[in-house]
There are 2 protein chains.
Amino acid sequence: MKLGDGVEQAIHCMLMLSGLSADSAMPATALAEYHGVSPSYLLKHLQALAGAGLLASVPGPRGGYRLGRAAEKISLLDVVVALEGAAPAFRCSEIRQRGPDPLAAKFFAKPCGVTAAMLKAERAYRDELRKVSIAELAGNPGTELGNAIEGRSCAFRERHERRPAAR
Amino acid sequence: MKLGDGVEQAIHCMLMLSGLSADSAMPATALAEYHGVSPSYLLKHLQALAGAGLLASVPGPRGGYRLGRAAEKISLLDVVVALEGAAPAFRCSEIRQRGPDPLAAKFFAKPCGVTAAMLKAERAYRDELRKVSIAELAGNPGTELGNAIEGRSCAFRERHERRPAAR
């Protein structure tokens with residue numbers, strides 16, 4: 001079982017975007033540069049996040065991406081589902097219905113015990129991911145590390161944030 | 001995120017083998033027939049289970065597979081890890097260390113908050129899988145379905161179980 005590399009990239013991009021000032025956006029090329037990843041590969045993930053409403057895409061020369069809703073309302077589960085799909089990792093093929101002398105159809109109304117146990121574990125996984133928001137992960141507790149991260153990302157944002165044109 | 005088809009096949013094979021009488025074995029071809037799956041594909045999974053000690057391989061014309069230890073001591077987590085490997089689904093590539101103006105190396109001794117949160121969710125998943133044993137899933141609560149399953153698998157075992165030669 002393996003999550004795609006895109007999950008790590010996506011979460012770190014969301015963290016960077018959570019620090020933008022209101023109405024600003026950051027182009028995909030800057031996000032790729034900051035994280036040292038391939039822009040074309042990252043773009044695919046950013047588009048998936050936008051498709052799920054987690055990012056908003058701002059068109060035009062001052063455009064780029066920003067969060068699609070408040071960082072408090074975006075969980076790690078939202079990001080994982082946007083990139084990996086909502087289907088459970090365990091996919092029951094009803095193997096119990098194959099082979100010789102199958103049981104009567106009436107017995108297959110309910111999922112079998114194997115599926116039930118596997119899906120229960122996946123619910124526990126998803127419940128944990130649902131508890132953690134982008135806002136929480138971005139939180140800076142004033143530690144030396146927190147300050148260093150904030151300093152680095154702030155300086156980068158200063159250079160690459162695109163603000164809306166003054167009216 | 002997706003588990004291989006082998007996980008479902010492996011768990012159902014373990015359930016079948018948990019009903020064998022002592023010292024008996026069942027050939028891989030019979031296990032494949034019962035579950036309506038490709039014998040060569042199934043064999044790969046049975047070998048992985050045997051490699052992890054969850055199955056014992058009995059050589060010779062009366063050979064086949066049997067459980068490698070008591071069904072009470074084989075959990076769903078054991079089966080998933082034997083087939084899918086022990087590595088977590090989320091694999092941190094330390095993306096935070098890439099890009100321009102990296103932070104000082106001293107900050108990277110600890111995993112970042114993203115990794116910690118993702119691994120916490122995986123622990124919850126594994127804890128659930130660890131709780132469920134093959135013995136528990138094989139348990140027949142005397143329901144109509146339980147009796148039907150037991151009748152079908154018993155009849156099949158009768159025909160395909162290979163007992164050790166009388167001495």
# chains A, B, ... in the order shown; residues from 1 in each chain; ligands from 1

$ interface_residues --of "chain A" --to "chain B" --cutoff "7 Å" --atoms "only C-alpha atoms" --output "number ranges by chain"
A: 1-3, 8, 33-36, 84, 89-90, 92, 95-96, 98-100, 103, 107, 113-114, 121-122, 124-125, 128-129, 137, 145, 148

$ write_last_selection --atoms "N, CA and C atoms" --output "PDB file, in the first residue's frame"
ATOM      1  N   MET A   1       0.847  -1.190   0.000  1.00  0.00           N
ATOM      2  CA  MET A   1       0.000   0.000   0.000  1.00  0.00           C
ATOM      3  C   MET A   1       0.884   1.242   0.000  1.00  0.00           C
ATOM      4  N   LYS A   2       0.603   2.141  -0.887  1.00  0.00           N
ATOM      5  CA  LYS A   2       1.481   3.309  -1.019  1.00  0.00           C
ATOM      6  C   LYS A   2       0.667   4.496  -1.490  1.00  0.00           C
ATOM      7  N   LEU A   3       0.857   5.624  -0.836  1.00  0.00           N
ATOM      8  CA  LEU A   3       0.278   6.872  -1.310  1.00  0.00           C
ATOM      9  C   LEU A   3       1.224   7.456  -2.351  1.00  0.00           C
ATOM     10  N   GLU A   8       2.491  14.309  -0.371  1.00  0.00           N
ATOM     11  CA  GLU A   8       3.439  15.139   0.381  1.00  0.00           C
ATOM     12  C   GLU A   8       3.569  16.520  -0.272  1.00  0.00           C
ATOM     13  N   GLU A  33       9.335  25.577  -7.513  1.00  0.00           N
ATOM     14  CA  GLU A  33      10.700  26.003  -7.184  1.00  0.00           C
ATOM     15  C   GLU A  33      10.946  25.865  -5.671  1.00  0.00           C
ATOM     16  N   TYR A  34      10.004  26.328  -4.887  1.00  0.00           N
ATOM     17  CA  TYR A  34      10.171  26.296  -3.425  1.00  0.00           C
ATOM     18  C   TYR A  34      10.361  24.875  -2.920  1.00  0.00           C
ATOM     19  N   HIS A  35       9.641  23.939  -3.540  1.00  0.00           N
ATOM     20  CA  HIS A  35       9.697  22.556  -3.053  1.00  0.00           C
ATOM     21  C   HIS A  35      10.674  21.686  -3.845  1.00  0.00           C
ATOM     22  N   GLY A  36      11.332  22.290  -4.831  1.00  0.00           N
ATOM     23  CA  GLY A  36      12.326  21.542  -5.590  1.00  0.00           C
ATOM     24  C   GLY A  36      11.735  20.350  -6.328  1.00  0.00           C
ATOM     25  N   GLU A  84      -6.003  10.935  -4.256  1.00  0.00           N
ATOM     26  CA  GLU A  84      -5.969   9.473  -4.383  1.00  0.00           C
ATOM     27  C   GLU A  84      -7.339   8.867  -4.658  1.00  0.00           C
ATOM     28  N   ALA A  89      -8.946   1.594   0.240  1.00  0.00           N
ATOM     29  CA  ALA A  89      -7.753   0.868  -0.205  1.00  0.00           C
ATOM     30  C   ALA A  89      -8.070  -0.616  -0.407  1.00  0.00           C
ATOM     31  N   PHE A  90      -8.945  -1.144   0.435  1.00  0.00           N
ATOM     32  CA  PHE A  90      -9.352  -2.547   0.285  1.00  0.00           C
ATOM     33  C   PHE A  90     -10.601  -2.587  -0.581  1.00  0.00           C
ATOM     34  N   CYS A  92     -13.269  -5.044  -2.151  1.00  0.00           N
ATOM     35  CA  CYS A  92     -13.821  -6.399  -2.107  1.00  0.00           C
ATOM     36  C   CYS A  92     -14.283  -6.819  -3.497  1.00  0.00           C
ATOM     37  N   ILE A  95     -14.997 -12.389  -3.593  1.00  0.00           N
ATOM     38  CA  ILE A  95     -14.326 -13.649  -3.888  1.00  0.00           C
ATOM     39  C   ILE A  95     -15.132 -14.825  -3.316  1.00  0.00           C
ATOM     40  N   ARG A  96     -15.901 -14.558  -2.255  1.00  0.00           N
ATOM     41  CA  ARG A  96     -16.699 -15.632  -1.638  1.00  0.00           C
ATOM     42  C   ARG A  96     -17.798 -16.145  -2.567  1.00  0.00           C
ATOM     43  N   ARG A  98     -17.294 -16.758  -5.766  1.00  0.00           N
ATOM     44  CA  ARG A  98     -16.715 -17.484  -6.903  1.00  0.00           C
ATOM     45  C   ARG A  98     -16.515 -18.957  -6.554  1.00  0.00           C
ATOM     46  N   GLY A  99     -15.958 -19.673  -7.506  1.00  0.00           N
ATOM     47  CA  GLY A  99     -15.610 -21.071  -7.253  1.00  0.00           C
ATOM     48  C   GLY A  99     -16.811 -21.988  -7.308  1.00  0.00           C
ATOM     49  N   PRO A 100     -16.574 -23.279  -7.019  1.00  0.00           N
ATOM     50  CA  PRO A 100     -17.623 -24.295  -7.152  1.00  0.00           C
ATOM     51  C   PRO A 100     -18.675 -24.178  -6.046  1.00  0.00           C
ATOM     52  N   LEU A 103     -22.747 -20.299  -2.621  1.00  0.00           N
ATOM     53  CA  LEU A 103     -23.883 -20.192  -1.701  1.00  0.00           C
ATOM     54  C   LEU A 103     -25.053 -19.504  -2.400  1.00  0.00           C
ATOM     55  N   PHE A 107     -27.519 -14.855   0.648  1.00  0.00           N
ATOM     56  CA  PHE A 107     -26.512 -14.662   1.688  1.00  0.00           C
ATOM     57  C   PHE A 107     -25.585 -13.480   1.416  1.00  0.00           C
ATOM     58  N   GLY A 113     -17.433 -10.643   6.609  1.00  0.00           N
ATOM     59  CA  GLY A 113     -16.681 -10.188   7.790  1.00  0.00           C
ATOM     60  C   GLY A 113     -15.312  -9.625   7.444  1.00  0.00           C
ATOM     61  N   VAL A 114     -14.684 -10.161   6.398  1.00  0.00           N
ATOM     62  CA  VAL A 114     -13.361  -9.687   5.992  1.00  0.00           C
ATOM     63  C   VAL A 114     -13.462  -8.223   5.540  1.00  0.00           C
ATOM     64  N   ALA A 121     -10.952  -0.596   9.753  1.00  0.00           N
ATOM     65  CA  ALA A 121      -9.591  -0.065   9.929  1.00  0.00           C
ATOM     66  C   ALA A 121      -9.407   1.199   9.085  1.00  0.00           C
ATOM     67  N   GLU A 122      -9.957   1.191   7.871  1.00  0.00           N
ATOM     68  CA  GLU A 122      -9.827   2.378   7.029  1.00  0.00           C
ATOM     69  C   GLU A 122     -10.594   3.565   7.616  1.00  0.00           C
ATOM     70  N   ALA A 124     -10.849   4.171  10.769  1.00  0.00           N
ATOM     71  CA  ALA A 124      -9.987   4.688  11.840  1.00  0.00           C
ATOM     72  C   ALA A 124      -8.895   5.584  11.242  1.00  0.00           C
ATOM     73  N   TYR A 125      -8.354   5.163  10.106  1.00  0.00           N
ATOM     74  CA  TYR A 125      -7.324   5.945   9.402  1.00  0.00           C
ATOM     75  C   TYR A 125      -7.882   7.298   8.968  1.00  0.00           C
ATOM     76  N   GLU A 128      -8.560   9.828  11.765  1.00  0.00           N
ATOM     77  CA  GLU A 128      -7.361  10.543  12.219  1.00  0.00           C
ATOM     78  C   GLU A 128      -6.993  11.672  11.251  1.00  0.00           C
ATOM     79  N   LEU A 129      -7.043  11.370   9.955  1.00  0.00           N
ATOM     80  CA  LEU A 129      -6.671  12.394   8.965  1.00  0.00           C
ATOM     81  C   LEU A 129      -7.666  13.552   8.969  1.00  0.00           C
ATOM     82  N   LEU A 137      -1.407  22.432  11.064  1.00  0.00           N
ATOM     83  CA  LEU A 137      -0.033  22.079  10.685  1.00  0.00           C
ATOM     84  C   LEU A 137       0.801  23.325  10.431  1.00  0.00           C
ATOM     85  N   LEU A 145      12.500  26.203  15.494  1.00  0.00           N
ATOM     86  CA  LEU A 145      12.206  25.627  14.175  1.00  0.00           C
ATOM     87  C   LEU A 145      11.057  26.383  13.516  1.00  0.00           C
ATOM     88  N   ALA A 148      12.197  29.568  12.131  1.00  0.00           N
ATOM     89  CA  ALA A 148      13.052  29.400  10.954  1.00  0.00           C
ATOM     90  C   ALA A 148      12.200  29.111   9.718  1.00  0.00           C
TER      91      ALA A 148
END

$ residues_around --residues "A:Ala25" --least-positions-apart "4" --cutoff "6 Å" --atoms "only C-alpha atoms" --output "PDB file with all heavy atoms, in the first residue's frame"
ATOM      1  N   GLY A  64      -2.471  32.525 -10.341  1.00  0.00           N
ATOM      2  CA  GLY A  64      -1.788  31.441  -9.657  1.00  0.00           C
ATOM      3  C   GLY A  64      -2.810  30.668  -8.839  1.00  0.00           C
ATOM      4  O   GLY A  64      -3.976  30.566  -9.242  1.00  0.00           O
ATOM      5  N   TYR A  65      -2.372  30.147  -7.714  1.00  0.00           N
ATOM      6  CA  TYR A  65      -3.281  29.389  -6.843  1.00  0.00           C
ATOM      7  C   TYR A  65      -3.368  30.036  -5.476  1.00  0.00           C
ATOM      8  O   TYR A  65      -2.396  30.624  -4.989  1.00  0.00           O
ATOM      9  CB  TYR A  65      -2.801  27.953  -6.686  1.00  0.00           C
ATOM     10  CG  TYR A  65      -3.017  27.127  -7.932  1.00  0.00           C
ATOM     11  CD1 TYR A  65      -1.995  26.938  -8.854  1.00  0.00           C
ATOM     12  CD2 TYR A  65      -4.266  26.550  -8.188  1.00  0.00           C
ATOM     13  CE1 TYR A  65      -2.202  26.184 -10.004  1.00  0.00           C
ATOM     14  CE2 TYR A  65      -4.475  25.794  -9.335  1.00  0.00           C
ATOM     15  CZ  TYR A  65      -3.439  25.624 -10.239  1.00  0.00           C
ATOM     16  OH  TYR A  65      -3.647  24.891 -11.372  1.00  0.00           O
ATOM     17  N   ARG A  66      -4.531  29.897  -4.866  1.00  0.00           N
ATOM     18  CA  ARG A  66      -4.674  30.215  -3.444  1.00  0.00           C
ATOM     19  C   ARG A  66      -5.607  29.168  -2.842  1.00  0.00           C
ATOM     20  O   ARG A  66      -6.211  28.378  -3.579  1.00  0.00           O
ATOM     21  CB  ARG A  66      -5.191  31.640  -3.244  1.00  0.00           C
ATOM     22  CG  ARG A  66      -6.557  31.893  -3.834  1.00  0.00           C
ATOM     23  CD  ARG A  66      -7.018  33.322  -3.496  1.00  0.00           C
ATOM     24  NE  ARG A  66      -8.304  33.598  -4.089  1.00  0.00           N
ATOM     25  CZ  ARG A  66      -8.592  34.649  -4.852  1.00  0.00           C
ATOM     26  NH1 ARG A  66      -7.661  35.535  -5.148  1.00  0.00           N
ATOM     27  NH2 ARG A  66      -9.806  34.825  -5.334  1.00  0.00           N
ATOM     28  N   GLU A 161       4.548  36.155  -4.233  1.00  0.00           N
ATOM     29  CA  GLU A 161       3.117  36.361  -4.082  1.00  0.00           C
ATOM     30  C   GLU A 161       2.646  37.356  -5.153  1.00  0.00           C
ATOM     31  O   GLU A 161       3.331  38.331  -5.431  1.00  0.00           O
ATOM     32  CB  GLU A 161       2.895  36.930  -2.670  1.00  0.00           C
ATOM     33  CG  GLU A 161       1.471  37.146  -2.285  1.00  0.00           C
ATOM     34  CD  GLU A 161       1.376  37.460  -0.781  1.00  0.00           C
ATOM     35  OE1 GLU A 161       1.713  36.578   0.046  1.00  0.00           O
ATOM     36  OE2 GLU A 161       0.981  38.576  -0.439  1.00  0.00           O
ATOM     37  N   ARG A 162       1.514  37.068  -5.760  1.00  0.00           N
ATOM     38  CA  ARG A 162       0.971  38.021  -6.747  1.00  0.00           C
ATOM     39  C   ARG A 162      -0.292  38.635  -6.189  1.00  0.00           C
ATOM     40  O   ARG A 162      -1.297  37.950  -5.986  1.00  0.00           O
ATOM     41  CB  ARG A 162       0.675  37.306  -8.053  1.00  0.00           C
ATOM     42  CG  ARG A 162       1.965  36.864  -8.727  1.00  0.00           C
ATOM     43  CD  ARG A 162       1.673  36.224 -10.039  1.00  0.00           C
ATOM     44  NE  ARG A 162       2.902  35.752 -10.682  1.00  0.00           N
ATOM     45  CZ  ARG A 162       2.904  34.961 -11.735  1.00  0.00           C
ATOM     46  NH1 ARG A 162       1.767  34.569 -12.251  1.00  0.00           N
ATOM     47  NH2 ARG A 162       4.039  34.573 -12.264  1.00  0.00           N
TER      48      ARG A 162
END

$ residues_around --residues "B:Lys73" --least-positions-apart "2" --cutoff "9 Å" --atoms "only C-alpha atoms" --output "list in words"
Arg69, Ala70, Ala71, Ser75, Ser133, Ile134 and Ala135 of chain B

$ write_last_selection --atoms "N, CA, C and O atoms" --output "compact mmCIF listing (two decimals), in the first residue's frame"
# COMPACT_ATOMS: atom_id res chain seq x y z
N ARG B 69 1.08 -20.92 12.00
CA ARG B 69 0.88 -20.90 13.45
C ARG B 69 -0.62 -20.82 13.71
O ARG B 69 -1.42 -20.75 12.77
N ALA B 70 -1.00 -20.87 14.99
CA ALA B 70 -2.43 -20.91 15.34
C ALA B 70 -3.17 -19.72 14.74
O ALA B 70 -2.65 -18.61 14.71
N ALA B 71 -4.39 -19.97 14.27
CA ALA B 71 -5.20 -18.92 13.63
C ALA B 71 -5.46 -17.76 14.59
O ALA B 71 -5.67 -16.63 14.16
N SER B 75 -2.98 -12.11 12.63
CA SER B 75 -3.90 -10.97 12.53
C SER B 75 -4.01 -10.52 11.07
O SER B 75 -3.18 -10.87 10.23
N SER B 133 -8.16 -11.34 14.35
CA SER B 133 -7.40 -12.55 13.98
C SER B 133 -8.17 -13.38 12.96
O SER B 133 -9.39 -13.25 12.82
N ILE B 134 -7.43 -14.24 12.28
CA ILE B 134 -8.05 -15.18 11.34
C ILE B 134 -9.05 -16.07 12.09
O ILE B 134 -10.15 -16.35 11.58
N ALA B 135 -8.71 -16.45 13.31
CA ALA B 135 -9.61 -17.30 14.10
C ALA B 135 -10.96 -16.61 14.32
O ALA B 135 -12.03 -17.22 14.21

$ select_by_dssp --residues "stretch 48-156 of chain A" --states "strand (DSSP E)" --output "list of chain:residue names"
A:Leu55, A:Ala56, A:Ser57, A:Val58, A:Gly64, A:Tyr65, A:Arg66, A:Leu67

$ write_last_selection --atoms "N, CA, C and O atoms" --output "PDB file, in the first residue's frame"
ATOM      1  N   LEU A  55      -8.268  24.236  -3.717  1.00  0.00           N
ATOM      2  CA  LEU A  55      -7.530  25.392  -4.219  1.00  0.00           C
ATOM      3  C   LEU A  55      -8.433  26.173  -5.159  1.00  0.00           C
ATOM      4  O   LEU A  55      -9.336  25.596  -5.787  1.00  0.00           O
ATOM      5  N   ALA A  56      -8.190  27.459  -5.253  1.00  0.00           N
ATOM      6  CA  ALA A  56      -8.858  28.274  -6.269  1.00  0.00           C
ATOM      7  C   ALA A  56      -7.782  28.708  -7.254  1.00  0.00           C
ATOM      8  O   ALA A  56      -6.679  29.067  -6.854  1.00  0.00           O
ATOM      9  N   SER A  57      -8.103  28.631  -8.514  1.00  0.00           N
ATOM     10  CA  SER A  57      -7.159  29.001  -9.547  1.00  0.00           C
ATOM     11  C   SER A  57      -7.495  30.431  -9.997  1.00  0.00           C
ATOM     12  O   SER A  57      -8.631  30.730 -10.352  1.00  0.00           O
ATOM     13  N   VAL A  58      -6.498  31.305  -9.950  1.00  0.00           N
ATOM     14  CA  VAL A  58      -6.709  32.712 -10.335  1.00  0.00           C
ATOM     15  C   VAL A  58      -6.067  32.913 -11.702  1.00  0.00           C
ATOM     16  O   VAL A  58      -4.845  32.779 -11.824  1.00  0.00           O
ATOM     17  N   GLY A  64      -2.471  32.525 -10.341  1.00  0.00           N
ATOM     18  CA  GLY A  64      -1.788  31.441  -9.657  1.00  0.00           C
ATOM     19  C   GLY A  64      -2.810  30.668  -8.839  1.00  0.00           C
ATOM     20  O   GLY A  64      -3.976  30.566  -9.242  1.00  0.00           O
ATOM     21  N   TYR A  65      -2.372  30.147  -7.714  1.00  0.00           N
ATOM     22  CA  TYR A  65      -3.281  29.389  -6.843  1.00  0.00           C
ATOM     23  C   TYR A  65      -3.368  30.036  -5.476  1.00  0.00           C
ATOM     24  O   TYR A  65      -2.396  30.624  -4.989  1.00  0.00           O
ATOM     25  N   ARG A  66      -4.531  29.897  -4.866  1.00  0.00           N
ATOM     26  CA  ARG A  66      -4.674  30.215  -3.444  1.00  0.00           C
ATOM     27  C   ARG A  66      -5.607  29.168  -2.842  1.00  0.00           C
ATOM     28  O   ARG A  66      -6.211  28.378  -3.579  1.00  0.00           O
ATOM     29  N   LEU A  67      -5.735  29.158  -1.544  1.00  0.00           N
ATOM     30  CA  LEU A  67      -6.617  28.153  -0.929  1.00  0.00           C
ATOM     31  C   LEU A  67      -8.057  28.382  -1.375  1.00  0.00           C
ATOM     32  O   LEU A  67      -8.499  29.525  -1.509  1.00  0.00           O
TER      33      LEU A  67
END
